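Source file: query03.cif (mmCIF, C-alpha atoms)
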data_run
#
loop_
_atom_site.group_PDB
_atom_site.id
_atom_site.type_symbol
_atom_site.label_atom_id
_atom_site.label_comp_id
_atom_site.auth_asym_id
_atom_site.auth_seq_id
_atom_site.Cartn_x
_atom_site.Cartn_y
_atom_site.Cartn_z
ATOM 1 C CA MET Q 16 21.209 20.831 -16.548
ATOM 2 C CA GLU Q 17 17.640 21.931 -15.907
ATOM 3 C CA ILE Q 18 16.033 20.260 -12.917
ATOM 4 C CA ARG Q 19 12.348 20.433 -12.090
ATOM 5 C CA ILE Q 20 11.433 20.229 -8.424
ATOM 6 C CA ARG Q 21 7.919 19.310 -7.334
ATOM 7 C CA LEU Q 22 6.549 21.270 -4.409
ATOM 8 C CA PHE Q 23 3.905 20.361 -1.838
ATOM 9 C CA ALA Q 24 2.008 21.818 1.103
ATOM 10 C CA ILE Q 25 3.695 24.865 2.658
ATOM 11 C CA ALA Q 26 6.358 24.939 -0.060
ATOM 12 C CA ARG Q 27 3.749 25.027 -2.819
ATOM 13 C CA GLU Q 28 1.959 27.815 -1.016
ATOM 14 C CA ARG Q 29 5.098 29.901 -0.456
ATOM 15 C CA ALA Q 30 6.371 29.500 -4.022
ATOM 16 C CA LYS Q 31 2.872 29.866 -5.478
ATOM 17 C CA ALA Q 32 3.682 27.014 -7.849
ATOM 18 C CA SER Q 33 3.407 23.227 -7.851
ATOM 19 C CA SER Q 34 6.871 22.918 -9.342
ATOM 20 C CA ILE Q 35 9.842 25.072 -10.204
ATOM 21 C CA THR Q 36 12.855 24.605 -12.431
ATOM 22 C CA ILE Q 37 16.426 25.462 -11.475
ATOM 23 C CA GLU Q 38 19.750 25.169 -13.222
ATOM 24 C CA LEU Q 39 22.353 22.803 -11.749
ATOM 25 C CA ALA Q 40 25.809 21.812 -12.917
ATOM 26 C CA SER Q 41 26.063 18.203 -14.002
ATOM 27 C CA GLY Q 42 27.410 16.082 -11.173
ATOM 28 C CA ALA Q 43 25.390 18.071 -8.655
ATOM 29 C CA ARG Q 44 24.249 16.341 -5.493
ATOM 30 C CA VAL Q 45 21.280 16.913 -3.215
ATOM 31 C CA ALA Q 46 23.335 19.300 -1.060
ATOM 32 C CA ASP Q 47 24.006 21.484 -4.122
ATOM 33 C CA LEU Q 48 20.335 21.422 -5.005
ATOM 34 C CA ARG Q 49 19.379 22.614 -1.518
ATOM 35 C CA LEU Q 50 21.722 25.590 -1.849
ATOM 36 C CA GLU Q 51 20.638 26.516 -5.354
ATOM 37 C CA LEU Q 52 16.960 26.140 -4.520
ATOM 38 C CA ALA Q 53 17.290 28.446 -1.513
ATOM 39 C CA ARG Q 54 19.165 30.992 -3.620
ATOM 40 C CA SER Q 55 16.835 31.012 -6.590
ATOM 41 C CA VAL Q 56 13.569 30.876 -4.616
ATOM 42 C CA PRO Q 57 14.117 32.899 -1.420
ATOM 43 C CA GLU Q 58 10.547 32.194 -0.257
ATOM 44 C CA LEU Q 59 11.555 28.555 0.140
ATOM 45 C CA ALA Q 60 14.866 29.167 1.903
ATOM 46 C CA PRO Q 61 13.496 28.984 5.481
ATOM 47 C CA LEU Q 62 11.827 25.635 4.724
ATOM 48 C CA ILE Q 63 14.746 23.839 3.146
ATOM 49 C CA PRO Q 64 16.851 22.908 6.209
ATOM 50 C CA GLY Q 65 13.877 21.161 7.844
ATOM 51 C CA SER Q 66 12.607 19.442 4.706
ATOM 52 C CA PHE Q 67 13.576 16.236 2.994
ATOM 53 C CA LEU Q 68 14.440 15.818 -0.665
ATOM 54 C CA ALA Q 69 13.109 12.911 -2.661
ATOM 55 C CA VAL Q 70 14.919 11.648 -5.732
ATOM 56 C CA ASP Q 71 12.944 9.242 -7.882
ATOM 57 C CA GLU Q 72 10.391 8.766 -5.095
ATOM 58 C CA GLU Q 73 12.944 7.856 -2.420
ATOM 59 C CA TYR Q 74 14.150 9.974 0.480
ATOM 60 C CA ALA Q 75 17.610 11.132 -0.536
ATOM 61 C CA ASP Q 76 20.458 12.340 1.653
ATOM 62 C CA ASP Q 77 22.737 15.215 0.693
ATOM 63 C CA SER Q 78 25.253 12.960 -1.030
ATOM 64 C CA VAL Q 79 22.839 11.535 -3.603
ATOM 65 C CA LEU Q 80 23.778 12.368 -7.173
ATOM 66 C CA ILE Q 81 21.187 14.112 -9.318
ATOM 67 C CA GLN Q 82 20.672 13.049 -12.902
ATOM 68 C CA GLU Q 83 19.084 15.190 -15.560
ATOM 69 C CA ASP Q 84 16.047 12.910 -15.724
ATOM 70 C CA SER Q 85 15.696 12.471 -11.954
ATOM 71 C CA GLU Q 86 12.299 13.203 -10.469
ATOM 72 C CA ILE Q 87 12.914 15.595 -7.594
ATOM 73 C CA ALA Q 88 10.515 16.682 -4.855
ATOM 74 C CA LEU Q 89 10.854 18.875 -1.803
ATOM 75 C CA ILE Q 90 9.184 17.064 1.093
ATOM 76 C CA PRO Q 91 8.303 19.165 4.141
ATOM 77 C CA PRO Q 92 7.869 17.037 7.298
ATOM 78 C CA VAL Q 93 4.581 15.124 7.312
ATOM 79 C CA SER Q 94 1.919 15.843 9.885
ATOM 80 C CA GLY Q 95 2.434 12.781 12.053
ATOM 81 C CA GLY Q 96 6.151 12.825 11.637
ATOM 82 C CA LEU Q 97 8.713 12.923 14.383
ATOM 83 C CA GLY Q 98 11.419 13.259 11.784
ATOM 84 C CA LEU Q 99 12.856 10.266 10.055
ATOM 85 C CA GLY Q 100 15.027 9.211 12.978
ATOM 86 C CA GLN Q 101 12.311 7.004 14.384
ATOM 87 C CA ALA Q 102 11.168 5.852 10.981
ATOM 88 C CA GLU Q 103 14.692 4.721 10.191
ATOM 89 C CA ARG Q 104 14.673 2.499 13.218
ATOM 90 C CA GLU Q 105 11.293 1.125 12.232
ATOM 91 C CA VAL Q 106 11.778 0.393 8.573
ATOM 92 C CA PRO Q 107 14.941 -1.413 7.481
ATOM 93 C CA GLY Q 108 16.195 -0.011 4.223
ATOM 94 C CA LEU Q 109 14.962 3.475 4.944
ATOM 95 C CA LYS Q 110 18.087 3.965 7.008
ATOM 96 C CA ASP Q 111 20.427 3.543 4.104
ATOM 97 C CA GLU Q 112 18.512 5.383 1.486
ATOM 98 C CA LYS Q 113 18.404 8.792 3.103
ATOM 99 C CA ARG Q 114 19.477 10.806 6.056
ATOM 100 C CA GLY Q 115 16.842 13.265 7.277
ATOM 101 C CA ARG Q 116 17.773 16.754 8.342
ATOM 102 C CA LEU Q 117 15.117 17.031 11.005
ATOM 103 C CA GLY Q 118 16.820 14.803 13.493
ATOM 104 C CA ASP Q 119 19.895 16.995 13.386
ATOM 105 C CA ASP Q 120 18.123 20.200 14.364
ATOM 106 C CA MET F 26 -4.865 -3.186 -0.673
ATOM 107 C CA ILE F 27 -3.307 0.245 -0.952
ATOM 108 C CA GLU F 28 -5.298 3.286 -2.015
ATOM 109 C CA ILE F 29 -5.391 7.069 -1.920
ATOM 110 C CA THR F 30 -8.871 8.395 -2.567
ATOM 111 C CA GLU F 31 -10.632 11.722 -2.815
ATOM 112 C CA GLY F 32 -14.022 10.460 -1.726
ATOM 113 C CA PRO F 33 -15.467 9.224 1.562
ATOM 114 C CA ILE F 34 -13.992 5.947 2.836
ATOM 115 C CA ASP F 35 -16.305 2.952 3.279
ATOM 116 C CA HIS F 36 -14.652 1.566 6.393
ATOM 117 C CA HIS F 37 -17.218 -1.215 6.882
ATOM 118 C CA GLY F 38 -16.392 -2.566 3.440
ATOM 119 C CA LEU F 39 -12.658 -2.357 4.061
ATOM 120 C CA ILE F 40 -12.848 -4.170 7.382
ATOM 121 C CA ASP F 41 -15.022 -6.900 5.848
ATOM 122 C CA ARG F 42 -12.542 -7.225 3.055
ATOM 123 C CA VAL F 43 -9.737 -8.465 5.329
ATOM 124 C CA ARG F 44 -11.850 -11.117 7.079
ATOM 125 C CA SER F 45 -11.173 -14.751 6.269
ATOM 126 C CA ASN F 46 -11.624 -18.236 7.674
ATOM 127 C CA GLN F 47 -7.905 -18.385 8.426
ATOM 128 C CA ALA F 48 -8.133 -15.304 10.629
ATOM 129 C CA GLY F 49 -8.731 -15.385 14.341
ATOM 130 C CA ALA F 50 -8.411 -11.617 14.586
ATOM 131 C CA VAL F 51 -9.195 -8.481 12.645
ATOM 132 C CA CYS F 52 -7.916 -5.157 13.898
ATOM 133 C CA SER F 53 -8.685 -1.777 12.375
ATOM 134 C CA PHE F 54 -7.770 1.842 12.978
ATOM 135 C CA LEU F 55 -9.740 4.850 11.759
ATOM 136 C CA GLY F 56 -8.198 8.295 11.813
ATOM 137 C CA THR F 57 -10.913 10.972 12.051
ATOM 138 C CA VAL F 58 -11.035 14.761 11.900
ATOM 139 C CA ARG F 59 -10.827 16.218 15.419
ATOM 140 C CA GLU F 60 -12.572 19.445 16.317
ATOM 141 C CA MET F 61 -10.333 20.697 19.150
ATOM 142 C CA THR F 62 -6.524 20.792 19.142
ATOM 143 C CA GLU F 63 -4.891 22.360 22.185
ATOM 144 C CA GLY F 64 -7.868 24.620 22.734
ATOM 145 C CA ARG F 65 -8.131 25.674 19.106
ATOM 146 C CA ARG F 66 -11.166 24.838 17.012
ATOM 147 C CA THR F 67 -10.865 23.213 13.594
ATOM 148 C CA ASP F 68 -13.368 24.014 10.876
ATOM 149 C CA SER F 69 -12.081 21.479 8.336
ATOM 150 C CA LEU F 70 -8.887 19.798 7.179
ATOM 151 C CA GLU F 71 -7.260 19.579 3.812
ATOM 152 C CA TYR F 72 -4.895 16.755 2.857
ATOM 153 C CA GLN F 73 -2.455 16.914 -0.031
ATOM 154 C CA THR F 74 -0.180 14.130 -1.297
ATOM 155 C CA TYR F 75 2.755 13.339 -3.513
ATOM 156 C CA ARG F 76 0.721 10.464 -4.829
ATOM 157 C CA GLU F 77 3.315 8.376 -6.663
ATOM 158 C CA MET F 78 5.734 8.359 -3.744
ATOM 159 C CA ALA F 79 2.982 7.928 -1.169
ATOM 160 C CA LEU F 80 1.664 4.805 -2.916
ATOM 161 C CA LYS F 81 5.189 3.447 -3.156
ATOM 162 C CA LYS F 82 5.849 4.043 0.553
ATOM 163 C CA MET F 83 2.492 2.533 1.552
ATOM 164 C CA THR F 84 3.323 -0.560 -0.497
ATOM 165 C CA GLU F 85 6.684 -0.803 1.279
ATOM 166 C CA LEU F 86 4.904 -0.574 4.636
ATOM 167 C CA GLU F 87 2.598 -3.431 3.717
ATOM 168 C CA THR F 88 5.570 -5.543 2.623
ATOM 169 C CA GLU F 89 7.463 -4.829 5.835
ATOM 170 C CA ALA F 90 4.406 -5.527 8.019
ATOM 171 C CA ARG F 91 3.883 -8.865 6.267
ATOM 172 C CA ARG F 92 7.545 -9.678 6.891
ATOM 173 C CA ARG F 93 7.196 -8.945 10.609
ATOM 174 C CA TRP F 94 3.813 -10.534 11.307
ATOM 175 C CA PRO F 95 1.914 -13.464 9.720
ATOM 176 C CA LEU F 96 -0.774 -11.244 8.230
ATOM 177 C CA LEU F 97 -3.528 -12.666 6.089
ATOM 178 C CA ASP F 98 -4.595 -9.354 4.606
ATOM 179 C CA VAL F 99 -3.701 -5.678 4.885
ATOM 180 C CA VAL F 100 -5.648 -2.550 3.923
ATOM 181 C CA LEU F 101 -4.167 0.955 3.920
ATOM 182 C CA VAL F 102 -6.447 3.693 2.587
ATOM 183 C CA HIS F 103 -5.915 7.438 2.962
ATOM 184 C CA ARG F 104 -8.287 10.146 1.868
ATOM 185 C CA ILE F 105 -7.056 13.484 0.508
ATOM 186 C CA GLY F 106 -8.767 16.777 -0.264
ATOM 187 C CA ARG F 107 -11.102 18.594 2.101
ATOM 188 C CA LEU F 108 -12.538 16.750 5.098
ATOM 189 C CA GLU F 109 -15.159 17.909 7.570
ATOM 190 C CA LEU F 110 -15.228 17.281 11.314
ATOM 191 C CA GLY F 111 -15.647 13.614 12.226
ATOM 192 C CA GLU F 112 -14.907 12.305 8.740
ATOM 193 C CA ILE F 113 -12.461 9.446 8.248
ATOM 194 C CA CYS F 114 -9.083 10.427 6.811
ATOM 195 C CA VAL F 115 -7.272 7.102 7.073
ATOM 196 C CA VAL F 116 -8.096 3.420 7.562
ATOM 197 C CA VAL F 117 -5.764 0.582 8.492
ATOM 198 C CA ALA F 118 -7.213 -2.927 8.650
ATOM 199 C CA VAL F 119 -5.345 -6.186 9.166
ATOM 200 C CA SER F 120 -6.216 -9.806 9.750
ATOM 201 C CA SER F 121 -4.057 -12.490 11.339
ATOM 202 C CA PRO F 122 -4.382 -15.874 13.049
ATOM 203 C CA HIS F 123 -4.044 -14.398 16.568
ATOM 204 C CA ARG F 124 -4.952 -11.073 18.140
ATOM 205 C CA ASP F 125 -1.493 -9.966 19.307
ATOM 206 C CA GLN F 126 -0.278 -9.972 15.714
ATOM 207 C CA ALA F 127 -3.274 -7.922 14.606
ATOM 208 C CA PHE F 128 -2.975 -5.317 17.373
ATOM 209 C CA GLU F 129 0.785 -4.910 17.014
ATOM 210 C CA SER F 130 0.839 -4.690 13.234
ATOM 211 C CA CYS F 131 -2.096 -2.272 13.066
ATOM 212 C CA ARG F 132 -0.386 0.062 15.550
ATOM 213 C CA TRP F 133 2.926 -0.141 13.731
ATOM 214 C CA LEU F 134 1.303 0.506 10.344
ATOM 215 C CA ILE F 135 -0.519 3.687 11.353
ATOM 216 C CA ASP F 136 2.424 5.062 13.335
ATOM 217 C CA THR F 137 4.901 4.462 10.539
ATOM 218 C CA LEU F 138 2.509 5.625 7.817
ATOM 219 C CA LYS F 139 2.217 8.975 9.545
ATOM 220 C CA GLN F 140 6.001 9.298 9.682
ATOM 221 C CA VAL F 141 7.111 8.288 6.211
ATOM 222 C CA VAL F 142 4.235 8.606 3.732
ATOM 223 C CA PRO F 143 4.177 12.023 2.006
ATOM 224 C CA ILE F 144 0.667 13.171 2.843
ATOM 225 C CA TRP F 145 0.293 16.604 4.412
ATOM 226 C CA LYS F 146 -2.438 18.150 6.506
ATOM 227 C CA LYS F 147 -3.654 21.739 6.496
ATOM 228 C CA GLU F 148 -5.757 23.034 9.363
ATOM 229 C CA ASN F 149 -8.542 25.378 8.364
ATOM 230 C CA TRP F 150 -9.003 26.892 11.804
ATOM 231 C CA ALA F 151 -12.429 28.154 12.835
ATOM 232 C CA ASP F 152 -10.879 31.601 13.413
ATOM 233 C CA GLY F 153 -10.256 31.878 9.677
ATOM 234 C CA ASN F 154 -6.524 31.128 9.639
ATOM 235 C CA GLU F 155 -5.046 28.305 7.588
ATOM 236 C CA GLN F 156 -1.958 26.366 8.620
ATOM 237 C CA TRP F 157 0.022 23.532 7.076
ATOM 238 C CA ILE F 158 1.198 21.149 9.788
ATOM 239 C CA HIS F 159 4.908 20.398 9.470
ATOM 240 C CA PRO F 160 6.578 19.319 12.719
ATOM 241 C CA GLY F 161 9.889 21.115 13.101
ATOM 242 C CA ILE F 162 8.996 23.945 10.733
ATOM 243 C CA ASN F 163 7.289 27.076 11.959
ATOM 244 C CA THR F 164 4.430 27.701 9.547
ATOM 245 C CA GLY F 165 2.909 30.496 11.613
ATOM 246 C CA GLN F 166 -0.677 31.408 12.497
#
Written form, structure tokens:
Amino acid sequence: MEIRIRLFAIARERAKASSITIELASGARVADLRLELARSVPELAPLIPGSFLAVDEEYADDSVLIQEDSEIALIPPVSGGLGLGQAEREVPGLKDEKRGRLGDD
Amino acid sequence: MIEITEGPIDHHGLIDRVRSNQAGAVCSFLGTVREMTEGRRTDSLEYQTYREMALKKMTELETEARRRWPLLDVVLVHRIGRLELGEICVVVAVSSPHRDQAFESCRWLIDTLKQVVPIWKKENWADGNEQWIHPGINTGQ
């Protein structure tokens, strides 16, 4: 399936595009998307481990299933962010809907 | 009230908006463009957003703040695009019966907004370099 990924900030600058399209097997999860995105757009590869993925406007952990009509965005850490670890403690519900990569680095 | 705008923010109007006869306290926070950061001079800032998700997350923040504190009104407004030194990039305003609730909720709203709402900042440094600010990612320059 063809998946369009919206890009912002440093990612948009590196890829020189506001979105890109990659090919994923059906049944792919966010983890698969991270790998395929890094492989097909090498300029983005260094950014991917420290960035979040959003699926349908929600932070999505690596296990989230991607549908053909999902809206996907690569979300580099925001300027005031300490990573989502603290945010998870602050906002109930955030905790369950995604697992940020930043806190693991 | 939740808004992302490209024009200057009328903070007086926003603060007035949350006042009411039920309120004993109004608390507001203005984020403004700082000239010096760790000895480096800023010429201007540029903010970019994933608007749909940002509005959704801001709405969730308002809902959660209202769950935690007995707020009478809440305003969250962020400006995007290019901002000059001293200009206002974000406004939080809340009203509540008592001041503790207003102080605490205002602080929580701005801190959490800056952690979870997808709005990014680019420094246009006075030395001519540009740099997106992404904690945890080395963006160089």
> From the set Q:Leu62, Q:Ala32, Q:Gly95, Q:Ala40, which residue has the shortest atom-to-atom contact distance to Gly56 in chain F, counting all atoms listed in the file?
Replying inline: Q:Gly95
What are the closest atom pairs, with distances in Å to one decimal, for each residue of chain Q lying within 6 Å of chain F, using all atoms listed in the file, rows by chain and rising residue number, as JSON lines?
{"residue": "Q:Ile25", "atom": "CA", "partner": "F:Trp157", "partner_atom": "CA", "distance": 5.9}
{"residue": "Q:Glu72", "atom": "CA", "partner": "F:Met78", "partner_atom": "CA", "distance": 4.9}
{"residue": "Q:Pro92", "atom": "CA", "partner": "F:His159", "partner_atom": "CA", "distance": 5.0}
{"residue": "Q:Val93", "atom": "CA", "partner": "F:Trp145", "partner_atom": "CA", "distance": 5.4}
{"residue": "Q:Ser94", "atom": "CA", "partner": "F:Ile158", "partner_atom": "CA", "distance": 5.4}
{"residue": "Q:Gly95", "atom": "CA", "partner": "F:Lys139", "partner_atom": "CA", "distance": 4.6}
{"residue": "Q:Gly96", "atom": "CA", "partner": "F:Gln140", "partner_atom": "CA", "distance": 4.0}
>> Translate the PyMOL selection byres ((chain F and resi 148-151) around 6) into a concrete residue list for this structure, as a PyMOL selection string.
In response: chain F and resi 66-70+147+152-156
>> Report, in Å with one decimal, the straight-line distance from CA of Val51 in chain F to CA of Arg124 in chain F.
In response: 7.4 Å
> Any idea what's packed within 10 Å of His36 in chain F, counting only C-alpha atoms, ignoring anything in its chain fewer than 3 positions away? Could you give it as a ChimeraX atom specification?
Replying inline: /F:33,39-42,53-55,102,113,115-118
For C-alpha atoms, I'd like the residues from the last selection saved as an mmCIF file, in the frame of the given file.
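Written out: part.cif:
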data_model
loop_
_atom_site.group_PDB
_atom_site.id
_atom_site.type_symbol
_atom_site.label_atom_id
_atom_site.label_comp_id
_atom_site.auth_asym_id
_atom_site.auth_seq_id
_atom_site.Cartn_x
_atom_site.Cartn_y
_atom_site.Cartn_z
ATOM 1 C CA PRO F 33 -15.467 9.224 1.562
ATOM 2 C CA LEU F 39 -12.658 -2.357 4.061
ATOM 3 C CA ILE F 40 -12.848 -4.170 7.382
ATOM 4 C CA ASP F 41 -15.022 -6.900 5.848
ATOM 5 C CA ARG F 42 -12.542 -7.225 3.055
ATOM 6 C CA SER F 53 -8.685 -1.777 12.375
ATOM 7 C CA PHE F 54 -7.770 1.842 12.978
ATOM 8 C CA LEU F 55 -9.740 4.850 11.759
ATOM 9 C CA VAL F 102 -6.447 3.693 2.587
ATOM 10 C CA ILE F 113 -12.461 9.446 8.248
ATOM 11 C CA VAL F 115 -7.272 7.102 7.073
ATOM 12 C CA VAL F 116 -8.096 3.420 7.562
ATOM 13 C CA VAL F 117 -5.764 0.582 8.492
ATOM 14 C CA ALA F 118 -7.213 -2.927 8.650
#
> What's the 6 Å shell around Val58 in chain F, counting all atoms listed in the file, without same-chain residues fewer than 4 positions away, as a PyMOL selection string?
Replying inline: chain F and resi 110-112
Atom completion result for range 39-65 of chain Q (N, CA and C atoms) as a PDB file, keeping the file's coordinate frame:
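What landed in rebuild17.pdb:
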ATOM      1  N   LEU Q  39      21.295  23.408 -12.562  1.00  0.00           N
ATOM      2  CA  LEU Q  39      22.353  22.803 -11.749  1.00  0.00           C
ATOM      3  C   LEU Q  39      23.456  22.301 -12.670  1.00  0.00           C
ATOM      4  N   ALA Q  40      24.694  22.374 -12.158  1.00  0.00           N
ATOM      5  CA  ALA Q  40      25.809  21.812 -12.917  1.00  0.00           C
ATOM      6  C   ALA Q  40      25.683  20.295 -12.933  1.00  0.00           C
ATOM      7  N   SER Q  41      26.121  19.663 -14.001  1.00  0.00           N
ATOM      8  CA  SER Q  41      26.063  18.203 -14.002  1.00  0.00           C
ATOM      9  C   SER Q  41      27.018  17.690 -12.921  1.00  0.00           C
ATOM     10  N   GLY Q  42      26.640  16.584 -12.310  1.00  0.00           N
ATOM     11  CA  GLY Q  42      27.410  16.082 -11.173  1.00  0.00           C
ATOM     12  C   GLY Q  42      26.938  16.636  -9.845  1.00  0.00           C
ATOM     13  N   ALA Q  43      25.903  17.480  -9.895  1.00  0.00           N
ATOM     14  CA  ALA Q  43      25.390  18.071  -8.655  1.00  0.00           C
ATOM     15  C   ALA Q  43      24.758  17.006  -7.768  1.00  0.00           C
ATOM     16  N   ARG Q  44      24.849  17.246  -6.470  1.00  0.00           N
ATOM     17  CA  ARG Q  44      24.249  16.341  -5.493  1.00  0.00           C
ATOM     18  C   ARG Q  44      23.111  17.064  -4.772  1.00  0.00           C
ATOM     19  N   VAL Q  45      22.423  16.322  -3.918  1.00  0.00           N
ATOM     20  CA  VAL Q  45      21.280  16.913  -3.215  1.00  0.00           C
ATOM     21  C   VAL Q  45      21.690  18.157  -2.428  1.00  0.00           C
ATOM     22  N   ALA Q  46      22.872  18.132  -1.823  1.00  0.00           N
ATOM     23  CA  ALA Q  46      23.335  19.300  -1.060  1.00  0.00           C
ATOM     24  C   ALA Q  46      23.426  20.538  -1.959  1.00  0.00           C
ATOM     25  N   ASP Q  47      23.908  20.360  -3.177  1.00  0.00           N
ATOM     26  CA  ASP Q  47      24.006  21.484  -4.122  1.00  0.00           C
ATOM     27  C   ASP Q  47      22.614  21.980  -4.493  1.00  0.00           C
ATOM     28  N   LEU Q  48      21.707  21.049  -4.655  1.00  0.00           N
ATOM     29  CA  LEU Q  48      20.335  21.422  -5.005  1.00  0.00           C
ATOM     30  C   LEU Q  48      19.691  22.239  -3.889  1.00  0.00           C
ATOM     31  N   ARG Q  49      19.926  21.844  -2.647  1.00  0.00           N
ATOM     32  CA  ARG Q  49      19.379  22.614  -1.518  1.00  0.00           C
ATOM     33  C   ARG Q  49      19.864  24.061  -1.575  1.00  0.00           C
ATOM     34  N   LEU Q  50      21.152  24.243  -1.816  1.00  0.00           N
ATOM     35  CA  LEU Q  50      21.722  25.590  -1.849  1.00  0.00           C
ATOM     36  C   LEU Q  50      21.143  26.407  -2.992  1.00  0.00           C
ATOM     37  N   GLU Q  51      21.098  25.792  -4.173  1.00  0.00           N
ATOM     38  CA  GLU Q  51      20.638  26.516  -5.354  1.00  0.00           C
ATOM     39  C   GLU Q  51      19.143  26.837  -5.257  1.00  0.00           C
ATOM     40  N   LEU Q  52      18.399  25.916  -4.686  1.00  0.00           N
ATOM     41  CA  LEU Q  52      16.960  26.140  -4.520  1.00  0.00           C
ATOM     42  C   LEU Q  52      16.711  27.317  -3.567  1.00  0.00           C
ATOM     43  N   ALA Q  53      17.458  27.351  -2.481  1.00  0.00           N
ATOM     44  CA  ALA Q  53      17.290  28.446  -1.513  1.00  0.00           C
ATOM     45  C   ALA Q  53      17.681  29.778  -2.131  1.00  0.00           C
ATOM     46  N   ARG Q  54      18.705  29.752  -3.005  1.00  0.00           N
ATOM     47  CA  ARG Q  54      19.165  30.992  -3.620  1.00  0.00           C
ATOM     48  C   ARG Q  54      18.193  31.477  -4.695  1.00  0.00           C
ATOM     49  N   SER Q  55      17.675  30.557  -5.485  1.00  0.00           N
ATOM     50  CA  SER Q  55      16.835  31.012  -6.590  1.00  0.00           C
ATOM     51  C   SER Q  55      15.380  31.247  -6.183  1.00  0.00           C
ATOM     52  N   VAL Q  56      14.940  30.620  -5.087  1.00  0.00           N
ATOM     53  CA  VAL Q  56      13.569  30.876  -4.616  1.00  0.00           C
ATOM     54  C   VAL Q  56      13.642  31.232  -3.128  1.00  0.00           C
ATOM     55  N   PRO Q  57      13.907  32.495  -2.822  1.00  0.00           N
ATOM     56  CA  PRO Q  57      14.117  32.899  -1.420  1.00  0.00           C
ATOM     57  C   PRO Q  57      12.927  32.569  -0.511  1.00  0.00           C
ATOM     58  N   GLU Q  58      11.717  32.529  -1.082  1.00  0.00           N
ATOM     59  CA  GLU Q  58      10.547  32.194  -0.257  1.00  0.00           C
ATOM     60  C   GLU Q  58      10.665  30.793   0.333  1.00  0.00           C
ATOM     61  N   LEU Q  59      11.423  29.934  -0.339  1.00  0.00           N
ATOM     62  CA  LEU Q  59      11.555  28.555   0.140  1.00  0.00           C
ATOM     63  C   LEU Q  59      12.715  28.372   1.102  1.00  0.00           C
ATOM     64  N   ALA Q  60      13.626  29.330   1.134  1.00  0.00           N
ATOM     65  CA  ALA Q  60      14.866  29.167   1.903  1.00  0.00           C
ATOM     66  C   ALA Q  60      14.638  28.754   3.358  1.00  0.00           C
ATOM     67  N   PRO Q  61      13.674  29.371   4.076  1.00  0.00           N
ATOM     68  CA  PRO Q  61      13.496  28.984   5.481  1.00  0.00           C
ATOM     69  C   PRO Q  61      12.999  27.545   5.654  1.00  0.00           C
ATOM     70  N   LEU Q  62      12.406  26.978   4.607  1.00  0.00           N
ATOM     71  CA  LEU Q  62      11.827  25.635   4.724  1.00  0.00           C
ATOM     72  C   LEU Q  62      12.835  24.535   4.432  1.00  0.00           C
ATOM     73  N   ILE Q  63      13.875  24.874   3.702  1.00  0.00           N
ATOM     74  CA  ILE Q  63      14.746  23.839   3.146  1.00  0.00           C
ATOM     75  C   ILE Q  63      15.533  23.049   4.201  1.00  0.00           C
ATOM     76  N   PRO Q  64      16.087  23.705   5.231  1.00  0.00           N
ATOM     77  CA  PRO Q  64      16.851  22.908   6.209  1.00  0.00           C
ATOM     78  C   PRO Q  64      16.012  21.848   6.917  1.00  0.00           C
ATOM     79  N   GLY Q  65      14.729  22.113   7.123  1.00  0.00           N
ATOM     80  CA  GLY Q  65      13.877  21.161   7.844  1.00  0.00           C
ATOM     81  C   GLY Q  65      13.127  20.196   6.949  1.00  0.00           C
TER      82      GLY Q  65
END
